[in-house]
Amino acid sequence: MAPIASDLPEEKRKQLFALLGNVELTLLYKASVHGYNATAFHQRCDYQGPTLLVAYNSLGCIFGGYTSVDYAQSGQQITDNEAFLFSFRDGTPVRIQVNSNNARLDDAGGPNFDRLYFCYNNQPVVHYMSLKWAVPINTEQLYGNNTELTECEVYKVNQSLQVSFLEKPWRNILWTAKQREELMELIRNHKPIMAYVSRVRILMIGPIGAGKSSFFNSINSIFMGHVTNKAMSGSAGTSVTTKFRTYPVKDGRERKPLPFVLCDTMGLEEQSGAGLDIEDISSIVQGHIPDRYKFNPKAPFQPDKASKPASLQEKIHCAVYVIDATKISLMSDKLEEKLSSVRSQLNSMEIPQMVVMTKVDETCPHVQNDLENIYASSYIKMKVQEVSSRLGVPVSCVLPVKNYSQELELELKCDILLLSAIKQMLRSADDYLDDVVDSI
Ligand SMILES: Nc1nc2c(ncn2[C@@H]2O[C@H](COP(=O)(O)OP(=O)(O)OP(=O)(O)O)[C@@H](O)[C@H]2O)c(=O)[nH]1
Ligand SMILES: [Mg+2]
C-alpha cells in the first residue's frame with residue numbers, strides 16, 4: 001500500500017522545528033482518508049506518545065496543537081506542560097499557550113486542546129467552547145474564525161537524534177576515582193577569597209521539574225557517600241518545591257560543613273502570577289528571604305524596612321540556571337523572556353551566572369550508555385550551544401550533568417561531572433567576591 005501523502009508542505013514542516021526542535025514527524029491519521037470520526041482517530045492515534053495535530057481550512061490557515069501526553073480515552077483532564085496550539089502567521093509558526101493543567105480532555109471524542117475541538121461531533125469542523133471564567137483562545141488569530149476544515153492530520157513526533165561522535169572531546173575530563181577524590185578534596189579545602197565569607201551561597205533557579213532539588217540531593221549524596229533524597233523532588237503540574245531552602249552540605253566522614261550552601265527555589269513558570277516571582281529572586285540575592293519562607297506567586301516577599309541590610313555572608317554569590325536538556329527546544333518564548341528578565345536583574349547586581357544542564361542521560365542515547373561520551377556527543381554539544389544562546393550565558397559557563405534520579409548507589413562518572421560543576425561555581429563566586437574586595 002502506498003504511504004498516505006501528507007498535506008503539510010516541506011517548508012512548513014521545517015518551520016515547525018522552531019517550535020518542536022529537530023524532530024521526525026510520522027503521519028498517523030488523515031481525516032479525509034481515515035474518516036472525520038473519533039473512532040478512526042483513536043484507532044490510529046491512541047498510545048503513540050507525543051503527537052502534533054495539523055488542521056487546514058479553506059482560508060488557507062494551517063493550525064493545530066502539540067501534546068506530549070498519549071491519547072488514551074481515560075476520561076481525564078490532562079496536565080501537559082509542553083502542550084501548545086500553533087498557527088502560521090505571516091508565514092511563520094506562532095506558538096499559543098494553552099492552560100497546561102487542562103491541556104486536553106482525554107475522552108473518547110475527537111482531539112481537543114483547552115476546549116478547542118477538532119472534528120467536532122464527527123464532522124469536518126473545529127469548535128471552540130468558550131467559558132466566561134477561562135482565558136479565551138483567539139480563534140481569529142488561530143484560524144480566521146473559519147470553522148470548516150478541509151483536512152485534519154495527526155503526526156507522531158519523534159526526537160530525531162543525528163548524533164555523531166566528535167573526533168576530540170571538547171572538554172577534557174579524567175574519569176578516574178583519583179580524579180573524584182581530588183575534586184572532593186579541592187572542594188573540601190576551598191576557602192572563599194574573602195575570609196569574612198565562610199560559605200559561598202549558590203542560588204538555583206529554573207523551570208519546574210528541571211532538577212534543582214535533585215542537583216542538591218546529588219551533591220549531598222556524593223559527600224554523604226550514598227544516595228540521599230533530603231530535598232523533595234519529583235514531578236507535578238506545579239512546582240514540587242514551594243519554599244525557599246538553604247541547604248548546607250556536610251562532609252560525610254567528619255560532618256564538617258563544606259564551604260558552600262545550595263539555595264533551592266520554586267520552579268519558574270511562564271505565566272505571570274505563577275511560580276517563582278522575579279522580585280523574589282532579587283530579595284533572595286540581597287539576602288532578605290529567610291530559610292523555609294513559603295513563596296507566594298501572587299504577592300512577592302515584602303522585606304521589613306526596619307531591619308538592617310543583610311551582610312555579604314547572607315547574600316547570593318553565584319546564580320545557577322538549572323535547565324532540562326530535553327526541553328531546551330520546547331522552551332516557550334514567554335519562559336525565555338522571563339529568564340531574560342531574571343538575567344538582566346542579576347547582571348545589574350553583578351552576580352555571576354552559570355547554567356547546569358540536567359538530564360543529559362535522557363537527551364542522548366550514547367550518554368545514557370556511558371556518561372564518558374558526554375563531551376564527545378555532537379548532540380550534547382549542540383544542546384549546550386542552544387542553551388547558551390537562548391539564555392545569553394557563554395558556553396564556558398554551561399555545565400552538563402546527570403543528577404541522581406533512579407540510582408541506589410553512587411556512580412563515579414556521575415560524581416565527577418557533578419563535582420566539576422561545583423568547582424566551577426566556587427571559582428565564579430570567588431571572582432564575584434574578589435570584585436567586591438576591589439571595590440571596598
Ligand atoms: N534522568 C534524569 N532525571 C532527572 C535528572 N534530574 C532530575 N531528574 C528527575 O526530574 C524530576 C524533577 O526533578 P526535581 O529535582 O524535583 O526538579 P525541580 O527543578 O526541583 O522541580 P520543582 O521543585 O518542581 O520546580 C525528578 O523526577 C527527578 O528524578 C537527571 O539529570 N536525569
Ligand atoms: Mg524542587
# chains A, B, ... in the order shown; residues from 1 in each chain; ligands from 1

$ select_by_dssp --residues "segment 137-371 of chain A" --states "alpha helix (DSSP H)" --output "ChimeraX atom specification"
/A:139-143,177-188,212-224,278-285,333-348,360-363,365-369

$ residues_near_ligand --ligand "ligand 1" --cutoff "9 Å" --atoms "only C-alpha atoms and all ligand atoms" --output "PyMOL selection string"
chain A and resi 204-218+231-242+264-269+275-276+322-325+357-363+368+400-406

$ closest_residue --among "A:Gln302, A:Asn296, A:Asn122, A:Thr26" --to "Ser283 of chain A" --atoms "only C-alpha atoms"
A:Gln302

$ select_by_dssp --residues "segment 281-361 of chain A" --states "strand (DSSP E)" --output "list in words"
Cys318, Ala319, Val320, Tyr321, Val322, Ile323, Asp324, Gln353, Met354, Val355, Val356, Met357 and Thr358 of chain A

$ closest_residue --among "A:Arg255, A:Arg390, A:Lys423, A:His42" --to "Lys191 of chain A" --atoms "only C-alpha atoms"
A:Lys423

$ closest_residue --among "A:Trp133, A:Tyr117, A:Trp170, A:Phe223" --to "Ala376 of chain A" --atoms "only C-alpha atoms"
A:Trp170

$ closest_residue --among "A:Met349, A:Ala83, A:Ile380, A:Ile193" --to "Val437 of chain A" --atoms "only C-alpha atoms"
A:Ile193

$ residues_around --residues "segment 85-88 of chain A" --least-positions-apart "6" --cutoff "7 Å" --atoms "only C-alpha atoms" --output "list in words"
Ile62, Phe63, Gly64, Gly65, Tyr66, Val94, Arg95, Ile96, Gln97, Val98 and Leu142 of chain A

$ closest_residue --among "A:Val33, A:Pro124, A:Asn112, A:Tyr155" --to "Thr51 of chain A" --atoms "only C-alpha atoms"
A:Tyr155

$ closest_residue --among "A:Val436, A:Leu19, A:Ile202, A:Cys263" --to "ligand 2" --atoms "only C-alpha atoms and all ligand atoms"
A:Cys263

$ atom_distance --atom1 "atom CA of Leu28 of chain A" --atom2 "atom CA of Val126 of chain A"
19.3 Å

$ atom_distance --atom1 "atom CA of Ser396 of chain A" --atom2 "atom CA of Lys381 of chain A"
11.6 Å

$ atom_distance --atom1 "atom CA of Cys397 of chain A" --atom2 "atom CA of Met354 of chain A"
4.9 Å

$ residues_around --residues "Thr246 of chain A" --least-positions-apart "5" --cutoff "9 Å" --atoms "only C-alpha atoms" --output "PDB file with C-alpha atoms, in the first residue's frame"
ATOM      1  CA  ARG A 201      25.847  30.868  48.648  1.00  0.00           C
ATOM      2  CA  LEU A 203      21.233  30.103  44.122  1.00  0.00           C
ATOM      3  CA  VAL A 261      25.345  26.424  50.621  1.00  0.00           C
ATOM      4  CA  LEU A 262      22.925  25.454  47.847  1.00  0.00           C
ATOM      5  CA  CYS A 263      19.761  27.575  47.807  1.00  0.00           C
ATOM      6  CA  ASP A 264      16.737  25.833  46.292  1.00  0.00           C
ATOM      7  CA  THR A 265      13.740  27.724  44.921  1.00  0.00           C
ATOM      8  CA  PRO A 290      14.844  33.506  55.286  1.00  0.00           C
ATOM      9  CA  ASP A 291      15.212  29.738  55.010  1.00  0.00           C
ATOM     10  CA  ARG A 292      11.838  27.910  54.698  1.00  0.00           C
TER      11      ARG A 292
END

$ residues_around --residues "segment 99-110 of chain A" --least-positions-apart "4" --cutoff "6 Å" --atoms "only C-alpha atoms" --output "list in words"
Ala38, Gln73, Ser74, Gly75, Gln76, Gln77, Ile78, Thr79, Asp80, Asn81, Asp114 and Cys119 of chain A

$ residues_around --residues "Ile281 of chain A" --least-positions-apart "2" --cutoff "10 Å" --atoms "only C-alpha atoms" --output "PyMOL selection string"
chain A and resi 203+205+265+276-279+283-287+289+300-301+319+342+345-346

$ write_last_selection --atoms "C-alpha atoms" --output "PDB file, in the first residue's frame"
ATOM      1  CA  LEU A 203      21.233  30.103  44.122  1.00  0.00           C
ATOM      2  CA  ILE A 205      16.742  28.995  39.578  1.00  0.00           C
ATOM      3  CA  THR A 265      13.740  27.724  44.921  1.00  0.00           C
ATOM      4  CA  LEU A 276       8.713  31.903  41.391  1.00  0.00           C
ATOM      5  CA  ASP A 277       8.334  35.681  41.161  1.00  0.00           C
ATOM      6  CA  ILE A 278      11.198  37.692  39.666  1.00  0.00           C
ATOM      7  CA  GLU A 279      11.013  40.173  42.566  1.00  0.00           C
ATOM      8  CA  SER A 283      15.088  39.627  47.535  1.00  0.00           C
ATOM      9  CA  ILE A 284      16.890  36.284  47.778  1.00  0.00           C
ATOM     10  CA  VAL A 285      20.029  37.657  46.138  1.00  0.00           C
ATOM     11  CA  GLN A 286      20.099  40.544  48.592  1.00  0.00           C
ATOM     12  CA  GLY A 287      19.834  38.086  51.474  1.00  0.00           C
ATOM     13  CA  ILE A 289      14.480  35.939  52.369  1.00  0.00           C
ATOM     14  CA  PRO A 300       6.236  38.800  46.312  1.00  0.00           C
ATOM     15  CA  PHE A 301       8.133  38.896  49.610  1.00  0.00           C
ATOM     16  CA  ALA A 319      23.377  32.103  40.497  1.00  0.00           C
ATOM     17  CA  VAL A 342      15.982  37.389  35.572  1.00  0.00           C
ATOM     18  CA  GLN A 345      18.282  41.731  37.017  1.00  0.00           C
ATOM     19  CA  LEU A 346      21.210  39.518  38.086  1.00  0.00           C
TER      20      LEU A 346
END
